[in-house]
$ cat run28.csv   # CSV, C-alpha atoms
chain,number,residue,atom,x,y,z
N,21,GLN,CA,64.5,7.4,33.9
N,22,ASP,CA,64.8,11.1,34.7
N,23,PRO,CA,67.2,13.1,32.5
N,24,TYR,CA,67.0,16.1,34.8
N,25,SER,CA,68.4,14.4,37.9
N,26,SER,CA,70.7,11.7,36.4
N,27,LEU,CA,73.5,14.0,35.3
N,28,ASN,CA,76.0,15.6,37.7
N,29,PRO,CA,75.5,19.4,37.4
N,30,ARG,CA,79.1,20.0,38.3
N,31,MET,CA,80.5,18.0,35.4
N,32,SER,CA,80.7,19.0,31.7
N,33,VAL,CA,79.3,16.7,29.0
N,34,GLY,CA,82.8,15.6,28.1
N,35,GLN,CA,83.5,14.6,31.7
N,36,ILE,CA,80.2,12.8,32.1
N,37,ILE,CA,80.7,10.7,29.0
N,38,GLY,CA,84.3,10.1,29.8
N,39,GLU,CA,83.7,9.0,33.4
N,40,GLY,CA,83.3,5.4,32.4
N,41,LEU,CA,86.3,5.5,30.1
N,42,ASN,CA,88.5,6.8,32.9
N,43,ALA,CA,87.2,4.2,35.3
N,44,HIS,CA,88.0,1.4,32.9
N,45,LYS,CA,91.3,3.1,31.8
N,46,VAL,CA,90.4,2.8,28.2
N,47,PHE,CA,92.7,5.4,26.9
N,48,HIS,CA,95.4,5.3,29.5
N,49,LYS,CA,95.5,9.1,30.1
N,50,ASN,CA,95.7,9.9,26.3
N,51,LYS,CA,93.5,12.9,26.7
N,52,ASP,CA,93.6,14.0,23.0
N,53,LYS,CA,92.6,10.6,21.7
N,54,MET,CA,89.9,10.3,24.4
N,55,GLN,CA,88.4,13.7,23.6
N,56,ASP,CA,88.2,12.8,19.9
N,57,TYR,CA,86.5,9.6,20.8
N,58,ILE,CA,84.0,11.4,23.1
N,59,MET,CA,83.1,13.9,20.3
N,60,GLN,CA,82.6,11.0,17.9
N,61,VAL,CA,80.2,9.3,20.4
N,62,MET,CA,78.3,12.6,20.9
N,63,ASP,CA,78.0,13.0,17.1
N,64,ASP,CA,76.6,9.4,16.8
N,65,CYS,CA,74.0,10.3,19.5
N,66,GLY,CA,72.8,13.5,17.8
N,67,LEU,CA,74.8,15.9,19.9
N,68,ALA,CA,77.1,18.6,18.3
N,69,PRO,CA,80.7,18.0,19.2
N,70,TYR,CA,81.1,21.7,20.2
N,71,MET,CA,78.8,21.0,23.2
N,72,ILE,CA,81.5,18.9,24.9
N,73,HIS,CA,82.4,21.7,27.4
N,74,ARG,CA,78.8,22.6,28.3
N,75,TYR,CA,77.0,21.6,31.5
N,76,PRO,CA,73.7,19.7,32.0
N,77,HIS,CA,71.7,22.8,32.9
N,78,GLN,CA,72.3,24.2,29.3
N,79,PHE,CA,70.5,21.3,27.7
N,80,SER,CA,66.8,20.4,27.1
N,81,GLY,CA,65.3,17.1,28.4
N,82,GLY,CA,65.8,15.4,25.1
N,83,GLN,CA,69.4,16.5,24.8
N,84,ARG,CA,70.1,15.3,28.3
N,85,GLN,CA,68.7,11.9,27.5
N,86,ARG,CA,71.0,11.8,24.5
N,87,ILE,CA,73.9,12.5,26.9
N,88,GLY,CA,72.8,9.6,29.0
N,89,ILE,CA,72.7,7.4,25.9
N,90,ALA,CA,76.1,8.5,24.8
N,91,ARG,CA,77.5,7.8,28.3
N,92,SER,CA,76.0,4.3,28.2
N,93,LEU,CA,77.4,3.5,24.7
N,94,ALA,CA,80.9,5.0,25.2
N,95,LEU,CA,82.2,1.7,26.5
N,96,LYS,CA,80.7,-0.2,23.5
N,97,PRO,CA,78.3,-2.6,25.4
N,98,LYS,CA,76.5,-5.4,23.7
N,99,PHE,CA,73.5,-5.3,26.0
N,100,VAL,CA,71.7,-2.2,27.3
N,101,VAL,CA,69.0,-2.0,29.9
N,102,CYS,CA,66.6,0.9,29.1
N,103,ASP,CA,64.4,1.4,32.2
N,104,GLU,CA,61.5,3.8,31.3
N,105,ALA,CA,64.0,5.6,29.1
N,106,VAL,CA,61.5,7.9,27.5
N,107,SER,CA,58.7,8.2,30.1
N,108,ALA,CA,59.9,11.6,31.4
N,109,LEU,CA,59.9,13.2,27.9
N,110,ASP,CA,57.1,14.7,25.9
N,111,VAL,CA,55.8,12.7,22.9
N,112,SER,CA,57.7,14.6,20.1
N,113,ILE,CA,61.0,14.1,21.9
N,114,GLN,CA,60.1,10.5,22.7
N,115,SER,CA,60.0,9.7,19.0
N,116,GLN,CA,63.4,11.3,18.4
N,117,ILE,CA,65.0,9.2,21.2
N,118,ILE,CA,63.3,6.0,20.2
N,119,ASN,CA,64.5,6.4,16.6
N,120,LEU,CA,68.0,7.2,17.8
N,121,LEU,CA,67.9,4.0,19.9
N,122,LEU,CA,66.8,2.0,16.8
N,123,ASP,CA,69.5,3.5,14.6
N,124,LEU,CA,72.2,2.8,17.2
N,125,LYS,CA,70.9,-0.8,17.6
N,126,GLU,CA,71.5,-1.4,13.9
N,127,LYS,CA,74.8,0.5,13.8
N,128,GLU,CA,76.3,-1.0,16.9
N,129,ASN,CA,74.5,-4.4,16.8
N,130,LEU,CA,73.0,-3.8,20.3
N,131,THR,CA,70.5,-5.7,22.2
N,132,TYR,CA,68.0,-3.7,24.4
N,133,LEU,CA,66.0,-4.8,27.4
N,134,PHE,CA,63.4,-2.0,27.2
N,135,ILE,CA,61.2,-1.6,30.3
N,136,SER,CA,58.1,0.6,29.9
N,137,HIS,CA,54.4,1.0,30.7
N,138,ASP,CA,53.8,2.7,27.3
N,139,LEU,CA,52.4,0.0,25.1
N,140,SER,CA,52.7,2.0,21.9
N,141,VAL,CA,56.4,2.6,22.5
N,142,ILE,CA,56.9,-1.1,23.3
N,143,LYS,CA,55.2,-2.1,20.1
N,144,TYR,CA,57.4,0.2,18.0
N,145,ILE,CA,60.8,-0.7,19.5
N,146,SER,CA,60.5,-4.4,20.6
N,147,ASP,CA,61.0,-7.6,18.7
N,148,ARG,CA,59.7,-9.7,21.7
N,149,ILE,CA,57.6,-8.7,24.6
N,150,GLY,CA,57.3,-10.1,28.1
N,151,VAL,CA,54.3,-9.0,30.2
N,152,MET,CA,54.8,-9.0,34.0
N,153,TYR,CA,52.3,-9.0,36.8
N,154,LEU,CA,53.3,-8.6,40.5
N,155,GLY,CA,56.9,-9.7,39.8
N,156,ASN,CA,56.1,-12.7,37.6
N,157,MET,CA,56.3,-13.2,33.8
N,158,VAL,CA,52.8,-14.1,32.7
N,159,GLU,CA,53.2,-13.9,28.9
N,160,LEU,CA,56.1,-13.8,26.4
N,161,ALA,CA,55.8,-13.7,22.6
N,162,THR,CA,56.9,-11.9,19.5
N,163,THR,CA,55.4,-8.4,19.1
N,164,PRO,CA,53.1,-9.3,16.2
N,165,ASP,CA,51.8,-12.5,18.0
N,166,LEU,CA,51.2,-10.7,21.3
N,167,PHE,CA,49.2,-7.8,19.8
N,168,ALA,CA,47.3,-10.1,17.4
N,169,ALA,CA,46.3,-12.7,20.0
N,170,PRO,CA,47.0,-12.0,23.7
N,171,MET,CA,46.5,-15.2,25.6
N,172,HIS,CA,46.7,-14.0,29.2
N,173,PRO,CA,43.7,-12.1,30.6
N,174,TYR,CA,46.0,-9.4,32.0
N,175,THR,CA,47.6,-8.8,28.6
N,176,GLU,CA,44.2,-8.8,27.0
N,177,ALA,CA,43.0,-6.1,29.3
N,178,LEU,CA,46.2,-4.0,28.9
N,179,LEU,CA,45.9,-4.1,25.1
N,180,SER,CA,42.2,-3.3,25.1
N,181,ALA,CA,43.0,-0.1,27.1
N,182,ILE,CA,45.3,1.4,24.3
N,183,PRO,CA,43.6,4.6,23.1
N,184,THR,CA,42.7,4.8,19.4
N,185,THR,CA,41.6,7.4,16.9
N,186,ASP,CA,39.9,4.9,14.7
N,187,VAL,CA,36.2,5.7,14.8
N,188,ASP,CA,35.3,2.3,13.3
N,189,ASP,CA,37.2,0.5,16.1
N,190,LYS,CA,34.4,-1.3,18.1
N,191,LYS,CA,36.8,-2.9,20.6
N,192,GLU,CA,35.5,-2.7,24.1
N,193,THR,CA,37.9,-1.8,27.0
N,194,ILE,CA,38.3,-4.6,29.5
N,195,LEU,CA,38.3,-3.1,33.0
N,196,ILE,CA,40.5,-4.7,35.6
N,197,GLU,CA,38.6,-4.3,38.9
N,198,GLY,CA,40.0,-4.5,42.4
N,199,ASP,CA,43.3,-3.4,44.0
N,200,ILE,CA,46.7,-4.8,43.3
N,201,PRO,CA,47.6,-7.3,46.0
N,202,SER,CA,50.6,-6.8,48.3
N,203,PRO,CA,53.8,-8.1,46.6
N,204,ILE,CA,55.0,-9.0,50.1
N,205,LYS,CA,52.1,-11.3,50.7
N,206,PRO,CA,50.7,-12.3,47.3
N,207,PRO,CA,47.6,-14.4,46.9
N,208,THR,CA,47.9,-18.2,46.6
N,209,GLY,CA,47.7,-19.8,43.2
N,210,CYS,CA,47.7,-17.4,40.3
N,211,LYS,CA,48.6,-13.9,41.5
N,212,PHE,CA,46.2,-12.4,39.1
N,213,HIS,CA,43.1,-14.4,40.2
N,214,THR,CA,41.8,-11.7,42.6
N,215,ARG,CA,41.2,-9.4,39.7
N,216,CYS,CA,40.5,-11.8,36.8
N,217,GLN,CA,37.0,-12.2,35.4
N,218,TYR,CA,37.8,-15.8,34.3
N,219,CYS,CA,38.9,-16.9,37.7
N,220,THR,CA,37.8,-20.4,38.9
N,221,ASP,CA,38.8,-22.6,41.9
N,222,ILE,CA,41.9,-23.9,40.2
N,223,CYS,CA,43.2,-20.4,39.8
N,224,LYS,CA,43.0,-19.8,43.6
N,225,LYS,CA,44.9,-23.0,44.5
N,226,VAL,CA,47.4,-23.9,41.7
N,227,VAL,CA,50.2,-21.7,40.3
N,228,PRO,CA,49.8,-21.9,36.5
N,229,GLU,CA,52.8,-23.3,34.6
N,230,PHE,CA,54.6,-21.0,32.2
N,231,GLU,CA,54.2,-23.0,29.1
N,232,GLU,CA,54.7,-22.7,25.3
N,233,VAL,CA,51.2,-22.7,23.8
N,234,THR,CA,52.1,-22.0,20.2
N,235,PRO,CA,55.7,-21.7,18.8
N,236,GLY,CA,57.5,-18.9,20.6
N,237,HIS,CA,54.4,-17.9,22.6
N,238,PHE,CA,54.6,-18.6,26.3
N,239,VAL,CA,51.7,-18.1,28.8
N,240,ALA,CA,51.1,-18.8,32.5
N,241,CYS,CA,47.3,-19.1,32.8
N,242,HIS,CA,44.7,-21.8,33.5
N,243,HIS,CA,42.2,-20.2,31.2
N,244,LYS,CA,44.1,-19.0,28.1
N,245,ARG,CA,42.5,-16.6,25.6
N,246,ASN,CA,42.7,-16.3,21.8
N,247,ILE,CA,44.5,-19.7,21.2
N,248,VAL,CA,45.0,-20.2,17.5
N,249,LYS,CA,46.8,-23.5,16.7
N,250,HIS,CA,49.3,-23.3,13.8
N,251,ASN,CA,49.6,-26.1,11.3
$ encode --input "run28.csv" --output "structure tokens"
Amino acid sequence: QDPYSSLNPRMSVGQIIGEGLNAHKVFHKNKDKMQDYIMQVMDDCGLAPYMIHRYPHQFSGGQRQRIGIARSLALKPKFVVCDEAVSALDVSIQSQIINLLLDLKEKENLTYLFISHDLSVIKYISDRIGVMYLGNMVELATTPDLFAAPMHPYTEALLSAIPTTDVDDKKETILIEGDIPSPIKPPTGCKFHTRCQYCTDICKKVVPEFEEVTPGHFVACHHKRNIVKHN
């Protein structure tokens, strides 16, 4: 999450990226071959190979995030968890890192679990989106389906709050009132019922089933929104 605190200040870039390789004994102490491989990984992640002996304090936030990505990809994973990977970066650097992640996804055939609160970033990078509330998945759909027809009231409110520069956009922001309940002692029934404008008695008593409403679109709600049946 934080490229400023996630890198060891006493280790050079080469040592940071090579740490996992050493732990898994990938090159069996063949230092020359390992250094060539690290420089190749750095180049793939947009870092000049000559930076291999520099230390974290000599890099900007975006470059540090690239080092973190290079460290993650050095062991050639198939599945990468990106937890708020760009939230600490400014917008211009965010776009560079997201485009790098997309390029690496195609090149290395990667799968990402991308966790973020930034809906514009999620829309750009994700193929499928899962919306969570208080630890529970409330909606799961492909990105176009979710943005075109959100079925859960929480998702609907989240998407209505996305800022827009379109002066002709007459969409009203749906305000979610009330405080988030305690995750330790959540409300009975649907966890969102204390803040939902469509709440009825069944919401307070019965936990909604997470069901497939349209092909590939799953929702956990008693009062689903925007249901469009496909032929």
$ residues_around --input "run28.csv" --residues "range 203-211 of chain N" --least-positions-apart "5" --cutoff "9 Å" --atoms "only C-alpha atoms" --output "list in words"
Tyr153, Leu154, Gly155, Asn156, Ile222, Cys223, Lys224, Lys225, Val226, Val227, Pro228, Ala240, Cys241 and His242 of chain N
$ closest_residue --input "run28.csv" --among "N:Lys143, N:Tyr24, N:Pro29, N:Asn50" --to "Gln85 in chain N" --atoms "all atoms listed in the file"
N:Tyr24
$ atom_distance --input "run28.csv" --atom1 "CA of Val100 in chain N" --atom2 "CA of Phe47 in chain N"
22.3 Å
$ closest_residue --input "run28.csv" --among "N:Met54, N:Val101, N:Leu95, N:Cys65" --to "Gln116 in chain N" --atoms "all atoms listed in the file"
N:Cys65
$ atom_distance --input "run28.csv" --atom1 "CA of Asn28 in chain N" --atom2 "CA of His48 in chain N"
23.4 Å
$ atom_distance --input "run28.csv" --atom1 "CA of Arg30 in chain N" --atom2 "CA of Ala43 in chain N"
18.0 Å
$ residues_around --input "run28.csv" --residues "Leu139 in chain N" --least-positions-apart "3" --cutoff "10 Å" --atoms "all atoms listed in the file" --output "mmCIF file with C-alpha atoms, in the coordinates of the input"
data_model
loop_
_atom_site.group_PDB
_atom_site.id
_atom_site.type_symbol
_atom_site.label_atom_id
_atom_site.label_comp_id
_atom_site.auth_asym_id
_atom_site.auth_seq_id
_atom_site.Cartn_x
_atom_site.Cartn_y
_atom_site.Cartn_z
ATOM 1 C CA SER N 136 58.100 0.600 29.900
ATOM 2 C CA ILE N 142 56.900 -1.100 23.300
ATOM 3 C CA LYS N 143 55.200 -2.100 20.100
ATOM 4 C CA TYR N 144 57.400 0.200 18.000
ATOM 5 C CA PHE N 167 49.200 -7.800 19.800
ATOM 6 C CA LEU N 178 46.200 -4.000 28.900
ATOM 7 C CA LEU N 179 45.900 -4.100 25.100
ATOM 8 C CA ALA N 181 43.000 -0.100 27.100
ATOM 9 C CA ILE N 182 45.300 1.400 24.300
#
$ closest_residue --input "run28.csv" --among "N:Gly82, N:Pro97, N:Pro170, N:Gly34" --to "Thr234 in chain N" --atoms "only C-alpha atoms"
N:Pro170
$ residues_near_point --input "run28.csv" --point "(36.5, -13.3, 37.8)" --cutoff "12 Å" --atoms "all atoms listed in the file" --output "list in words"
Pro173, Tyr174, Leu195, Ile196, Glu197, Gly198, Phe212, His213, Thr214, Arg215, Cys216, Gln217, Tyr218, Cys219, Thr220, Asp221, Cys223, Lys224 and His243 of chain N
$ closest_residue --input "run28.csv" --among "N:Val141, N:Ile135, N:Ile37, N:Ala108" --to "Asp56 in chain N" --atoms "all atoms listed in the file"
N:Ile37
$ closest_residue --input "run28.csv" --among "N:Ile118, N:Cys102, N:Val239, N:Ile200" --to "Val151 in chain N" --atoms "all atoms listed in the file"
N:Val239
$ closest_atom_pairs --input "run28.csv" --of "range 97-205 of chain N" --to "range 58-64 of chain N" --cutoff "12 Å" --atoms "only C-alpha atoms" --output "tab-separated table"
residue	atom	partner	partner_atom	distance
N:Leu120	CA	N:Asp64	CA	8.9
N:Leu121	CA	N:Asp64	CA	10.7
N:Asp123	CA	N:Asp64	CA	9.5
N:Leu124	CA	N:Asp64	CA	7.9
N:Lys125	CA	N:Asp64	CA	11.7
N:Lys127	CA	N:Asp64	CA	9.6
N:Glu128	CA	N:Asp64	CA	10.4
$ closest_residue --input "run28.csv" --among "N:Asn119, N:Ser202, N:Thr163, N:Gln21" --to "Asp103 in chain N" --atoms "all atoms listed in the file"
N:Gln21
$ residues_around --input "run28.csv" --residues "Gly88 in chain N" --least-positions-apart "6" --cutoff "9 Å" --atoms "only C-alpha atoms" --output "list in words"
Pro23, Ser26, Leu27, Ile36 and Ile37 of chain N
$ build_atoms --input "run28.csv" --residues "range 55-77 of chain N" --atoms "N, CA, C and O atoms" --output "mmCIF file, keeping the file's coordinate frame"
data_model
loop_
_atom_site.group_PDB
_atom_site.id
_atom_site.type_symbol
_atom_site.label_atom_id
_atom_site.label_comp_id
_atom_site.auth_asym_id
_atom_site.auth_seq_id
_atom_site.Cartn_x
_atom_site.Cartn_y
_atom_site.Cartn_z
ATOM 1 N N GLN N 55 89.331 12.634 23.942
ATOM 2 C CA GLN N 55 88.400 13.700 23.600
ATOM 3 C C GLN N 55 87.851 13.523 22.190
ATOM 4 O O GLN N 55 86.654 13.737 21.951
ATOM 5 N N ASP N 56 88.684 13.093 21.253
ATOM 6 C CA ASP N 56 88.200 12.800 19.900
ATOM 7 C C ASP N 56 87.159 11.722 19.891
ATOM 8 O O ASP N 56 86.146 11.803 19.176
ATOM 9 N N TYR N 57 87.396 10.693 20.721
ATOM 10 C CA TYR N 57 86.500 9.600 20.800
ATOM 11 C C TYR N 57 85.124 10.035 21.391
ATOM 12 O O TYR N 57 84.050 9.685 20.895
ATOM 13 N N ILE N 58 85.183 10.852 22.455
ATOM 14 C CA ILE N 58 84.000 11.400 23.100
ATOM 15 C C ILE N 58 83.153 12.202 22.105
ATOM 16 O O ILE N 58 81.923 12.086 22.025
ATOM 17 N N MET N 59 83.838 13.020 21.330
ATOM 18 C CA MET N 59 83.100 13.900 20.300
ATOM 19 C C MET N 59 82.490 12.995 19.254
ATOM 20 O O MET N 59 81.406 13.312 18.764
ATOM 21 N N GLN N 60 83.141 11.885 18.906
ATOM 22 C CA GLN N 60 82.600 11.000 17.900
ATOM 23 C C GLN N 60 81.294 10.310 18.480
ATOM 24 O O GLN N 60 80.271 10.190 17.792
ATOM 25 N N VAL N 61 81.347 9.880 19.762
ATOM 26 C CA VAL N 61 80.200 9.300 20.400
ATOM 27 C C VAL N 61 79.034 10.280 20.492
ATOM 28 O O VAL N 61 77.871 9.945 20.244
ATOM 29 N N MET N 62 79.357 11.525 20.833
ATOM 30 C CA MET N 62 78.300 12.600 20.900
ATOM 31 C C MET N 62 77.686 12.770 19.516
ATOM 32 O O MET N 62 76.457 12.882 19.410
ATOM 33 N N ASP N 63 78.506 12.790 18.471
ATOM 34 C CA ASP N 63 78.000 13.000 17.100
ATOM 35 C C ASP N 63 77.051 11.814 16.740
ATOM 36 O O ASP N 63 75.988 12.028 16.144
ATOM 37 N N ASP N 64 77.427 10.588 17.119
ATOM 38 C CA ASP N 64 76.600 9.400 16.800
ATOM 39 C C ASP N 64 75.241 9.505 17.539
ATOM 40 O O ASP N 64 74.240 8.960 17.057
ATOM 41 N N CYS N 65 75.217 10.171 18.697
ATOM 42 C CA CYS N 65 74.000 10.300 19.500
ATOM 43 C C CYS N 65 73.221 11.572 19.244
ATOM 44 O O CYS N 65 72.326 11.933 20.007
ATOM 45 N N GLY N 66 73.592 12.292 18.184
ATOM 46 C CA GLY N 66 72.800 13.500 17.800
ATOM 47 C C GLY N 66 73.180 14.724 18.609
ATOM 48 O O GLY N 66 72.374 15.649 18.696
ATOM 49 N N LEU N 67 74.390 14.753 19.182
ATOM 50 C CA LEU N 67 74.800 15.900 19.900
ATOM 51 C C LEU N 67 76.014 16.564 19.176
ATOM 52 O O LEU N 67 76.951 15.868 18.781
ATOM 53 N N ALA N 68 75.964 17.889 18.980
ATOM 54 C CA ALA N 68 77.100 18.600 18.300
ATOM 55 C C ALA N 68 78.334 18.486 19.095
ATOM 56 O O ALA N 68 78.304 18.750 20.310
ATOM 57 N N PRO N 69 79.458 18.127 18.482
ATOM 58 C CA PRO N 69 80.700 18.000 19.200
ATOM 59 C C PRO N 69 81.144 19.248 19.986
ATOM 60 O O PRO N 69 81.805 19.149 21.017
ATOM 61 N N TYR N 70 80.718 20.444 19.496
ATOM 62 C CA TYR N 70 81.100 21.700 20.200
ATOM 63 C C TYR N 70 80.472 21.807 21.572
ATOM 64 O O TYR N 70 80.862 22.655 22.386
ATOM 65 N N MET N 71 79.487 20.949 21.858
ATOM 66 C CA MET N 71 78.800 21.000 23.200
ATOM 67 C C MET N 71 79.613 20.311 24.270
ATOM 68 O O MET N 71 79.160 20.257 25.416
ATOM 69 N N ILE N 72 80.769 19.795 23.947
ATOM 70 C CA ILE N 72 81.500 18.900 24.900
ATOM 71 C C ILE N 72 81.860 19.635 26.202
ATOM 72 O O ILE N 72 81.968 18.985 27.239
ATOM 73 N N HIS N 73 82.012 20.964 26.192
ATOM 74 C CA HIS N 73 82.400 21.700 27.400
ATOM 75 C C HIS N 73 81.187 22.332 28.117
ATOM 76 O O HIS N 73 81.357 23.052 29.103
ATOM 77 N N ARG N 74 79.971 22.057 27.634
ATOM 78 C CA ARG N 74 78.800 22.600 28.300
ATOM 79 C C ARG N 74 78.338 21.751 29.457
ATOM 80 O O ARG N 74 78.730 20.595 29.577
ATOM 81 N N TYR N 75 77.472 22.340 30.294
ATOM 82 C CA TYR N 75 77.000 21.600 31.500
ATOM 83 C C TYR N 75 75.521 21.260 31.339
ATOM 84 O O TYR N 75 74.799 21.860 30.533
ATOM 85 N N PRO N 76 75.073 20.269 32.124
ATOM 86 C CA PRO N 76 73.700 19.700 32.000
ATOM 87 C C PRO N 76 72.600 20.794 31.955
ATOM 88 O O PRO N 76 71.620 20.657 31.219
ATOM 89 N N HIS N 77 72.739 21.853 32.766
ATOM 90 C CA HIS N 77 71.700 22.800 32.900
ATOM 91 C C HIS N 77 71.465 23.602 31.543
ATOM 92 O O HIS N 77 70.444 24.280 31.357
#
